[in-house]
Amino acid sequence: MTNTVSIPYEYGMHSVPTDTALLAFDAAPVGIVMAEQRFIRACNGTFAAMLGYEVGDLVGRSFRVLYGSQEEFERIRDIGLSVLQQSGHYTDERLMRHRAGHGIWCRFRARTLDPRDPLARVVMSIAPIHDAEPIRLSKRERQVLELMSRRLTSKEIAARLGLSPRTVDDVRGRLIKRFGVRRAADLLGRLRGLG
């Protein structure tokens, strides 16, 4: 008799042979990770390799290792929390930290298994948006880009980061020049691999 696992999906449950489910998880073309209270409980090889790790290096560790600072780690936590509580799903684009220290622009999707306590158990998929050159950014550049990707104005970014709008404009201007684009929208497109 073959062991099976029941997998929830939009219309109910579906039983799949355990070895088939594990193969699909391990061979998925995107990174898949299951976390409990922001600790990695399981991840596939695609996720680990994308960030420069082996699976065993990440299982049991906090997601903190994948962000540039404690402050960034804490801020990221709060961004999609209310959306997860309301809908059970959250999607964004973010910079994740590769083991070698450079940033990787990723498309992030999350589904909580308990909207009342959204971080209790979350399944996520993470896929790189841009496979070319590693992106090396300062902490401030990462913060500004992250908020730009959420379509905030310089004034709104400045308020969130405790900076002046002029400082935000300076950071934005340096990034635009560095990546050889003309506008902020072109910058985001370039980092997503679209420009």
# chains A, B, ... in the order shown; residues from 1 in each chain; ligands from 1
$ closest_atom_pairs --of "region 10-89 of chain A" --to "region 135-154 of chain A" --cutoff "9 Å" --atoms "only C-alpha atoms" --output "JSON lines"
{"residue": "A:Gly68", "atom": "CA", "partner": "A:Lys139", "partner_atom": "CA", "distance": 7.0}
{"residue": "A:Ser69", "atom": "CA", "partner": "A:Lys139", "partner_atom": "CA", "distance": 8.0}
{"residue": "A:Glu72", "atom": "CA", "partner": "A:Gln143", "partner_atom": "CA", "distance": 7.9}
$ closest_atom_pairs --of "region 10-98 of chain A" --to "region 109-112 of chain A" --cutoff "7 Å" --atoms "only C-alpha atoms" --output "Markdown table"
| residue | atom | partner | partner_atom | distance |
| --- | --- | --- | --- | --- |
| A:Leu84 | CA | A:Thr112 | CA | 6.5 |
| A:Gly88 | CA | A:Thr112 | CA | 5.3 |
| A:His89 | CA | A:Arg111 | CA | 4.5 |
| A:Tyr90 | CA | A:Ala110 | CA | 5.1 |
| A:Thr91 | CA | A:Arg109 | CA | 4.4 |
| A:Asp92 | CA | A:Arg109 | CA | 6.6 |
$ write_last_selection --atoms "C-alpha atoms" --output "PDB file, in the first residue's frame"
ATOM      1  CA  LEU A  84      -2.583  37.731   5.460  1.00  0.00           C
ATOM      2  CA  GLY A  88      -4.834  34.461   3.822  1.00  0.00           C
ATOM      3  CA  HIS A  89      -2.584  35.382   0.848  1.00  0.00           C
ATOM      4  CA  TYR A  90       0.120  38.000   0.308  1.00  0.00           C
ATOM      5  CA  THR A  91       2.365  38.850  -2.659  1.00  0.00           C
ATOM      6  CA  ASP A  92       5.169  41.354  -3.101  1.00  0.00           C
TER       7      ASP A  92
END
$ atom_distance --atom1 "CA of Ile176 (chain A)" --atom2 "CA of Tyr67 (chain A)"
23.2 Å
$ residues_around --residues "Val33 (chain A)" --least-positions-apart "4" --cutoff "6 Å" --atoms "only C-alpha atoms" --output "short mmCIF file (atom, residue, chain, number, x, y, z; two decimals) with C-alpha atoms, in the first residue's frame"
data_model
loop_
_atom_site.label_atom_id
_atom_site.label_comp_id
_atom_site.auth_asym_id
_atom_site.auth_seq_id
_atom_site.Cartn_x
_atom_site.Cartn_y
_atom_site.Cartn_z
CA ALA A 42 11.09 22.92 5.51
CA CYS A 43 12.41 24.24 2.21
CA VAL A 123 3.84 28.39 2.99
CA MET A 124 5.78 30.63 0.62
#
$ residues_around --residues "Phe63 (chain A)" --least-positions-apart "2" --cutoff "8 Å" --atoms "only C-alpha atoms" --output "short mmCIF file (atom, residue, chain, number, x, y, z; two decimals) with C-alpha atoms, in the first residue's frame"
data_model
loop_
_atom_site.label_atom_id
_atom_site.label_comp_id
_atom_site.auth_asym_id
_atom_site.auth_seq_id
_atom_site.Cartn_x
_atom_site.Cartn_y
_atom_site.Cartn_z
CA ARG A 38 9.41 33.02 10.91
CA PHE A 39 11.57 29.94 11.45
CA ILE A 40 12.20 27.74 8.42
CA ARG A 61 16.97 28.83 11.27
CA VAL A 65 19.62 35.24 8.05
CA LEU A 66 18.05 36.19 4.68
CA TYR A 67 17.75 39.92 5.40
CA PHE A 73 13.76 41.74 9.17
#
$ residues_around --residues "Ala49 (chain A)" --least-positions-apart "6" --cutoff "10 Å" --atoms "only C-alpha atoms" --output "list of chain:residue names"
A:Gly31, A:Val55, A:His98, A:Arg99
$ write_last_selection --atoms "C-alpha atoms" --output "compact mmCIF listing (two decimals), in the first residue's frame"
# COMPACT_ATOMS: atom_id res chain seq x y z
CA GLY A 31 11.78 28.17 -4.08
CA VAL A 55 18.73 22.83 2.62
CA HIS A 98 22.29 35.80 -0.71
CA ARG A 99 24.78 34.02 1.53
$ select_by_dssp --residues "region 26-159 of chain A" --states "helix (DSSP H, G or I)" --output "count of residues only"
49
